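Colleague: Pasting a structure below so you can have a look.
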Amino acid sequence: MKVVMKFGGSLLASPGGIQRVSRVISKGSKKRMKVVVVISALGEVTDLLLHAATNAKIWDSTQVIHFIDRIRGIHSQPLAEMGLRQPTYNESLDQLEELLDDLKLTLSGVSILRELTPRSKDLLLSFGERLSLVVVSAGLRQAGIAVEALTGGNAGIITDDSFGEASPDVTKTRKGVREKLLPLLTRGVVPVVAGFIARSATGEMTTLGRGGSDYTATLLADAIAADEVWIWTDVDGILTADPRIVKSARVIDELSYAEAEEMGFFGAKNMHPLALAPARKAGIPVRIRNGFKPERLGTLINPHERKSSVIAKSVALVGNVGIVTVSGETLVGRPGTAAKIFELLGRAGVNVLMISQSVSESNISAVVRKSSLERAASALSEGLSQVGINAGVKVEPDVSVLAVVGAGMKGTPGIAAKVFSAVASKGVNVMMIAQGSSELNISFVVASRDSEKAVNALHESVVLGK
Amino acid sequence: MTEGVRLIIVGFGVVARSLAGSLEARGEEFRRTHGIDFHLVAAVDSKSAAVDRNGLEVRELLRRKEETGRVGRRSLPVSEVIEDTEADVLVELTPGNPLDAEPGMTHLKSAIKASKHIVTANKMPLAHEYTSLVASAESRGVQLRYSACVGAGLPILDFGDACAVSEPVQKVEGVLNATSNFVLSRMESDGSSFPEALEEAKKLGYAESNPWLDVDGVDSAAKIVIIANHIMKKSLTLKDVAIVEGIRRISPTRVKALMEEGKKVRMVACVERRPEVRVLELPRDDPLSVVGACNVVRFHCKYSGERVVSGSAAGGVTTSSAVMRDLLRVGDSIRAG
C-alpha cells in the first residue's frame, strides 16, 4: 500500500512534533506501507515570511538581520533538542545557515531595490518549506528512518511560471515524480518532500498558491498512483460545525469529494478545492487525521457519495459579509440585468458569494465580503445608471451566510422547509436563500446578531437529526 | 568639602551590579580624591523599583537582587521615577534594543526633560537619534556622557577626541565587537568551528545566550555610528549602516587557509562616507588583526596619518569602569559649579 502523508506546520513545530511524526511513519513502514512524506513550513514561519514580503521594502540591515535571527531560532531550537549525533548536527546547522544566508540575500535585495516582484515573492516564501525540510529530515534520520530530502521541484513537480499561483504541468509532473520517487520507494527509502514549492520548466522556484502543501500531496499521490492520502493536522478531522460556536459539533467520519469541496468553499478549515482536485480525478481517498491522536481515524473523503440517514453533514457560518440590493421597476422583464450586475461587480474586483432575484424581478441581491461592500455599491449605482437602468442600490452590512452541506439533501423533498422551520423556531428571520444546482448545499442569509443562534438550531435539527 | 551627587540607576544587570559594588567599596576613595559623595537614591530593574531620597542601602539592594531577582518590592512607572525623584544623574544601563532603542530612548528623554545629567552604556538610543538627543541635552544644559557605549573600558572616544583636536579625522575603522573577535581568535588558535567557538564564548560570559547582535554585526554598526557622529561630527543613524556580512558563515577551512597565507579574517566597521560593517581579510601584522576579546580602532587623521588604540574590551567590570569614569566627570563638573 502506497500512502502519501502530509504533515502540517503546527504539528511539526509542536514540542516533540517531529518525534511524533517519525513514530507515525515507522508504524506505517512496519505495516509494509510505502510512505511518501510531504511537509509544510514550521508553525508560523509562512506568516512571518508573508510579513517580510510586505515589509522588507522598508527594512534596514538591522531589521533584516533581526528577522533572520527569529527564523533561525524557530529552526535551530528543534535541531538542538533532538539530540542529533555529530557530524549530523553540525551538517544540519550548516545547511540551515546556508539557507538563512540565501534568505538574507533575498531580503536585502528587496530592501535595496525597494520592490518585491511576484518572482522574488515566490522565492521568499519557498524558504519556509526548505528550512523545514532541513529540520524534519534530520529528525527522521535520527529516528532511524532512511530518508531522501527533496524540494517540490526536485521531486519532479513542474509548473508554468505564473508566480504566486503556478499551475502544475500534469504530464511532466507525473513523469518526473514517478522517475524520482518510485525507485526510492523500491529501495525502502522514504522521500521527504517540501510542500507548496515547485519548479518552472526553466528551473525557477514557483509556489502552488492557495492549495499549498496539501496540493503537493495530492499531486504526488496522483503521479505514483498512491492508495491513499493522509493529511495529518492538529484537529480531529472535518467537523460538523465550528466547535467555538456549536458545543455539540463532532467529527464527520466520511464524506464525498463533492461535499468536501462545497465545505471548503464556505471556508471550513479544510482542504482547498484546488488541492483536492488531483485526488478526486484519480479517485484516491483522502483522510484528515489528528497527529496528536494518531489512534483516531479522522475524516475520510472518498469518491463515493454515500447516502446516510442524516440530511446534512455540516453547517458553516461565514461572517463579515454584507448584502447589496438593486431594486426598481425598470428591472422587471429586462433580460441580462443579472449578468450586467455580475459584470460590474467583477470589474470592480468584488467576489460574489451568493445572488438571488425576487420572483417579481423587481430586485436582485448579492452577498459580498464586508470589506468590498462599499465598492460594490458604488460600482453598481454608477455602472447601472450609465447603461440606462434606473435602480436604487441599498446595502445591508451586518449579515452572515449560513451554509448547510450534505449529499443527503439531494432529491429529498422538504429540505428548505425543514431548514426554515429550524431557524424560525428560534425567531430568526431568513433574509435570502439559495440552493446550489448540485443540491449539495443550501445557503441563506441572516442578521449577524442571530447567526450563532441559527447555526446551533440548524446543527441540532438537520445535522444531528434531533 | 564634599559634594553630594544623587544617582538613579535604571537597568540592573551585570554592569549595574558591578557599578553599585564599586560605589559601595570605593566611596571613601572618591570622597578623598574627587570630593564627591555618591548616593544611590533610586534603582529600577525590569520588574521593580526601589526609591529612597536619603540614599538606598547598596549592600541590602544587591543582596535582594541576588535573592529575589528584583531590586524592590513594588513596580513603579520608570518615567515617573526618573522625572520625580530628586537626583542629579540618570545612569541608563538597560539592554540595547536595536529595533526601536526602547525602553532606553524614553528613559533618556525623561531625564533630559527633568534636567538630569545622563551617563549611559546603552548604545542603541544614540545609534538611533544621536543628533537630536545631543542637541536637546545641550539646550537643557544637561550633560550626556556615553563613553561606555564604545570599547567598554577602552577609552576610544577620548582617544579620538584627542586626535581630532588639531585636525580632521577623515576615516575611522575598527574591530568593535570583542565577542566576535574572541570567536574568530578561538577558531584560529585551535581550529574550532564557529558554533564551537561561540559556545566557548558563552561559557566564559562574553556572549549572550542569543548573540545575534554581536556576531551578525549590529552591535559594531551601532558603535561606528556613535564614533562617526562624535568624532567626525556626522549625523548618522543605525539605518544608514550597510551591514554586509557577519561572522557566522566563516568556516574553519577558510580560517586555516588564510593563516597559511599569513592572513586573518576580522569583522571590521568602517566609516569614511557611508558607514559599513563587513568581514575583511587582513595581513597578520595589520594593527586591526588583534587577538582575543579586544577592540581596536584606527583613526585616519588628515595631517598626522594613522593613530591606533587597542585593548581588552569585554565584560561587565570593564564597562562599569567606563561608567564610573563618566560619573566622576559629571561629578567634577557639578562640584566645579
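In the C-alpha cells, the first chain shown is A, the next is B, and so on; residue numbers restart at 1 for each chain, and ligands run from 1 in the order shown.
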I need the contact residues of chain A against chain B, so if you could list those with any atom within 8 Å, counting only C-alpha atoms, and return them as a count of residues only, that would help.
Modeller: 9
Colleague: Check stretch 202-392 of chain A with DSSP on the backbone and list each residue it calls strand (DSSP E), as a PDB file with C-alpha atoms, in the first residue's frame.
Modeller:
ATOM      1  CA  MET A 205      11.209  28.489  -7.902  1.00  0.00           C
ATOM      2  CA  THR A 206       7.406  28.645  -8.030  1.00  0.00           C
ATOM      3  CA  THR A 207       4.676  28.147  -5.426  1.00  0.00           C
ATOM      4  CA  GLU A 228      -4.499   6.947  -0.024  1.00  0.00           C
ATOM      5  CA  VAL A 229      -3.507  10.451   1.021  1.00  0.00           C
ATOM      6  CA  TRP A 230      -3.337  11.170   4.744  1.00  0.00           C
ATOM      7  CA  ILE A 231      -3.378  14.772   5.829  1.00  0.00           C
ATOM      8  CA  TRP A 232      -2.026  14.948   9.389  1.00  0.00           C
ATOM      9  CA  THR A 233      -3.108  18.103  11.195  1.00  0.00           C
ATOM     10  CA  GLU A 254     -16.951  10.102   5.924  1.00  0.00           C
ATOM     11  CA  LEU A 255     -17.848  12.460   3.107  1.00  0.00           C
ATOM     12  CA  SER A 256     -17.557  12.715  -0.632  1.00  0.00           C
ATOM     13  CA  VAL A 286      -8.036  11.374   1.390  1.00  0.00           C
ATOM     14  CA  ARG A 287      -8.026  11.130   5.175  1.00  0.00           C
ATOM     15  CA  ILE A 288      -7.791  14.100   7.513  1.00  0.00           C
ATOM     16  CA  ARG A 289      -6.216  12.897  10.766  1.00  0.00           C
ATOM     17  CA  ASN A 290      -5.036  14.311  14.075  1.00  0.00           C
ATOM     18  CA  THR A 299     -12.402  12.042   8.386  1.00  0.00           C
ATOM     19  CA  LEU A 300     -12.331  10.027   5.185  1.00  0.00           C
ATOM     20  CA  ILE A 301     -13.026  11.873   1.949  1.00  0.00           C
ATOM     21  CA  ASN A 302     -13.800   9.285  -0.667  1.00  0.00           C
ATOM     22  CA  SER A 314     -22.236  20.237   8.272  1.00  0.00           C
ATOM     23  CA  VAL A 315     -23.285  23.801   8.898  1.00  0.00           C
ATOM     24  CA  ALA A 316     -20.850  26.557   8.117  1.00  0.00           C
ATOM     25  CA  LEU A 317     -21.048  30.179   9.127  1.00  0.00           C
ATOM     26  CA  VAL A 318     -19.443  32.896   7.040  1.00  0.00           C
ATOM     27  CA  GLY A 319     -19.340  36.188   8.889  1.00  0.00           C
ATOM     28  CA  ASN A 320     -18.137  39.612   7.747  1.00  0.00           C
ATOM     29  CA  VAL A 321     -20.351  39.734   4.713  1.00  0.00           C
ATOM     30  CA  GLY A 322     -22.973  42.201   3.529  1.00  0.00           C
ATOM     31  CA  ILE A 323     -25.841  42.349   1.054  1.00  0.00           C
ATOM     32  CA  VAL A 324     -26.076  44.828  -1.759  1.00  0.00           C
ATOM     33  CA  THR A 325     -29.576  45.056  -3.255  1.00  0.00           C
ATOM     34  CA  VAL A 326     -30.558  46.632  -6.539  1.00  0.00           C
ATOM     35  CA  SER A 327     -34.248  47.408  -6.873  1.00  0.00           C
ATOM     36  CA  VAL A 352     -19.920  37.485  -5.199  1.00  0.00           C
ATOM     37  CA  LEU A 353     -20.680  34.718  -2.688  1.00  0.00           C
ATOM     38  CA  MET A 354     -24.413  34.401  -3.343  1.00  0.00           C
ATOM     39  CA  ILE A 355     -27.003  36.012  -5.565  1.00  0.00           C
ATOM     40  CA  SER A 356     -30.796  35.919  -5.613  1.00  0.00           C
ATOM     41  CA  GLN A 357     -33.589  37.576  -7.526  1.00  0.00           C
ATOM     42  CA  ASN A 363     -34.953  43.361  -7.068  1.00  0.00           C
ATOM     43  CA  ILE A 364     -31.672  41.484  -7.172  1.00  0.00           C
ATOM     44  CA  SER A 365     -29.439  40.948  -4.133  1.00  0.00           C
ATOM     45  CA  ALA A 366     -25.801  39.888  -3.985  1.00  0.00           C
ATOM     46  CA  VAL A 367     -23.839  38.809  -0.930  1.00  0.00           C
ATOM     47  CA  VAL A 368     -20.255  40.093  -0.867  1.00  0.00           C
ATOM     48  CA  ARG A 369     -17.445  40.367   1.687  1.00  0.00           C
ATOM     49  CA  GLY A 392     -31.898  52.082  -6.282  1.00  0.00           C
TER      50      GLY A 392
END
Colleague: Would you mind telling me which residue in B:Glu24, B:Lys116, B:Leu133, B:Lys109 lies nearest to B:Ile8 when using only C-alpha atoms?
Modeller: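 Residue with the minimum atom-to-atom distance to B:Ile8: B:Lys116.
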Colleague: Taking only C-alpha atoms into account, which of A:Gly298, A:Gly144, A:Gly109, A:Gly328 comes nearest A:Leu84?
Modeller: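 Ranked by minimum distance to A:Leu84, first place goes to A:Gly144.
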Colleague: Within 8 Å of A:Ala217, counting only C-alpha atoms, which residues qualify if same-chain residues fewer than 6 places away don't, as a ChimeraX atom specification?
Modeller: /A:4-6,38,195,229
Colleague: Using the selection just defined, write its residues with N, CA, C and O atoms as a PDB file, in the first residue's frame.
Modeller:
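File produced: selection07.pdb:
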ATOM      1  N   VAL A   4       0.627   8.699   0.673  1.00  0.00           N
ATOM      2  CA  VAL A   4       1.301   9.988   0.771  1.00  0.00           C
ATOM      3  C   VAL A   4       0.813  10.645   2.054  1.00  0.00           C
ATOM      4  O   VAL A   4      -0.385  10.820   2.253  1.00  0.00           O
ATOM      5  N   MET A   5       1.741  10.959   2.970  1.00  0.00           N
ATOM      6  CA  MET A   5       1.350  11.581   4.239  1.00  0.00           C
ATOM      7  C   MET A   5       1.850  13.008   4.272  1.00  0.00           C
ATOM      8  O   MET A   5       3.030  13.268   4.107  1.00  0.00           O
ATOM      9  N   LYS A   6       0.919  13.918   4.500  1.00  0.00           N
ATOM     10  CA  LYS A   6       1.321  15.310   4.607  1.00  0.00           C
ATOM     11  C   LYS A   6       1.212  15.741   6.069  1.00  0.00           C
ATOM     12  O   LYS A   6       0.220  15.426   6.742  1.00  0.00           O
ATOM     13  N   VAL A  38       5.141  14.574   2.895  1.00  0.00           N
ATOM     14  CA  VAL A  38       5.123  15.965   2.427  1.00  0.00           C
ATOM     15  C   VAL A  38       5.053  16.857   3.658  1.00  0.00           C
ATOM     16  O   VAL A  38       4.271  16.587   4.573  1.00  0.00           O
ATOM     17  N   GLY A 195       6.596  20.728   0.766  1.00  0.00           N
ATOM     18  CA  GLY A 195       5.347  21.043   0.087  1.00  0.00           C
ATOM     19  C   GLY A 195       5.333  22.464  -0.449  1.00  0.00           C
ATOM     20  O   GLY A 195       6.268  23.239  -0.225  1.00  0.00           O
ATOM     21  N   VAL A 229      -4.235   9.278   0.550  1.00  0.00           N
ATOM     22  CA  VAL A 229      -3.507  10.451   1.021  1.00  0.00           C
ATOM     23  C   VAL A 229      -3.942  10.710   2.462  1.00  0.00           C
ATOM     24  O   VAL A 229      -5.144  10.735   2.738  1.00  0.00           O
TER      25      VAL A 229
END
Colleague: Residues near stretch 303-317 of chain B, anyone? I mean within 8 Å using only C-alpha atoms, not counting same-chain ones fewer than 6 positions away, as an MDAnalysis selection string.
Modeller: chainID B and resid 14:15 18:19 151:154 156 159 163 167 178:179 205:206 287 292:297
Colleague: I need the residue nearest A:Leu440 from this list: A:Gly333, A:Tyr257, A:Ala56, A:Glu452. Use only C-alpha atoms for the distance.
Modeller: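 Going through A:Gly333, A:Tyr257, A:Ala56, A:Glu452 one by one, the smallest distance to A:Leu440 is for A:Tyr257.
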Colleague: Residues within 12 Å of A:Met263, please, as an MDAnalysis selection string. Count only C-alpha atoms; anything in the same chain fewer than 5 positions from it doesn't count.
Modeller: chainID A and resid 238:242 252 255:258 268:273 276 301 312:318 402:407 440:443
Colleague: Contacts of A:Arg20 at 8 Å or less, counting only C-alpha atoms, minus same-chain residues fewer than 3 places along, as a PyMOL selection string?
Modeller: chain A and resi 16-17+23-24+291-292
Colleague: Keeping only N, CA, C and O atoms, write those residues as a PDB file, in the first residue's frame.
Modeller:
ATOM      1  N   GLY A  16       8.257  18.089  20.565  1.00  0.00           N
ATOM      2  CA  GLY A  16       8.265  16.653  20.265  1.00  0.00           C
ATOM      3  C   GLY A  16       7.522  16.309  18.989  1.00  0.00           C
ATOM      4  O   GLY A  16       7.272  15.139  18.708  1.00  0.00           O
ATOM      5  N   GLY A  17       7.181  17.321  18.198  1.00  0.00           N
ATOM      6  CA  GLY A  17       6.364  17.107  16.994  1.00  0.00           C
ATOM      7  C   GLY A  17       7.024  16.188  15.987  1.00  0.00           C
ATOM      8  O   GLY A  17       6.379  15.314  15.417  1.00  0.00           O
ATOM      9  N   ARG A  23       7.242   8.504  14.589  1.00  0.00           N
ATOM     10  CA  ARG A  23       6.545   7.296  15.061  1.00  0.00           C
ATOM     11  C   ARG A  23       5.446   6.892  14.080  1.00  0.00           C
ATOM     12  O   ARG A  23       5.267   5.711  13.788  1.00  0.00           O
ATOM     13  N   VAL A  24       4.726   7.897  13.573  1.00  0.00           N
ATOM     14  CA  VAL A  24       3.660   7.607  12.609  1.00  0.00           C
ATOM     15  C   VAL A  24       4.238   6.924  11.369  1.00  0.00           C
ATOM     16  O   VAL A  24       3.701   5.925  10.882  1.00  0.00           O
ATOM     17  N   GLY A 291      -2.609  14.384  14.231  1.00  0.00           N
ATOM     18  CA  GLY A 291      -1.286  13.868  14.551  1.00  0.00           C
ATOM     19  C   GLY A 291      -1.054  13.695  16.043  1.00  0.00           C
ATOM     20  O   GLY A 291      -0.185  12.931  16.460  1.00  0.00           O
ATOM     21  N   PHE A 292      -1.820  14.410  16.857  1.00  0.00           N
ATOM     22  CA  PHE A 292      -1.665  14.270  18.307  1.00  0.00           C
ATOM     23  C   PHE A 292      -2.434  13.064  18.826  1.00  0.00           C
ATOM     24  O   PHE A 292      -2.214  12.623  19.945  1.00  0.00           O
TER      25      PHE A 292
END
Colleague: Using only C-alpha atoms for the distances, tell me which of A:Lys340, A:Val310, A:Val190, A:Leu220 is nearest to A:Lys175.
Modeller: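 For A:Lys175, the nearest of the candidates is A:Leu220.
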Colleague: Can you pull out the residues contacting A:Val246? Cut-off 8 Å, using only C-alpha atoms, and skip same-chain residues under 5 positions away; I want them as a list in words.
Modeller: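 Contacts, with the query itself left out: Ala241, Val455, Asn456 and His459 of chain A.
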Colleague: Produce a file of the selected residues containing N, CA and C atoms, as a PDB file, in the first residue's frame.
Modeller:
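Result file follows (selection_6.pdb):
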ATOM      1  N   ALA A 241     -19.485  21.425  12.546  1.00  0.00           N
ATOM      2  CA  ALA A 241     -19.667  22.874  12.682  1.00  0.00           C
ATOM      3  C   ALA A 241     -18.461  23.417  13.427  1.00  0.00           C
ATOM      4  N   VAL A 455     -27.130  28.865  13.660  1.00  0.00           N
ATOM      5  CA  VAL A 455     -26.221  27.742  13.414  1.00  0.00           C
ATOM      6  C   VAL A 455     -26.510  26.607  14.374  1.00  0.00           C
ATOM      7  N   ASN A 456     -26.695  26.945  15.646  1.00  0.00           N
ATOM      8  CA  ASN A 456     -26.973  25.911  16.632  1.00  0.00           C
ATOM      9  C   ASN A 456     -28.294  25.196  16.361  1.00  0.00           C
ATOM     10  N   HIS A 459     -27.798  22.908  13.354  1.00  0.00           N
ATOM     11  CA  HIS A 459     -26.951  21.769  13.681  1.00  0.00           C
ATOM     12  C   HIS A 459     -27.769  20.703  14.391  1.00  0.00           C
TER      13      HIS A 459
END
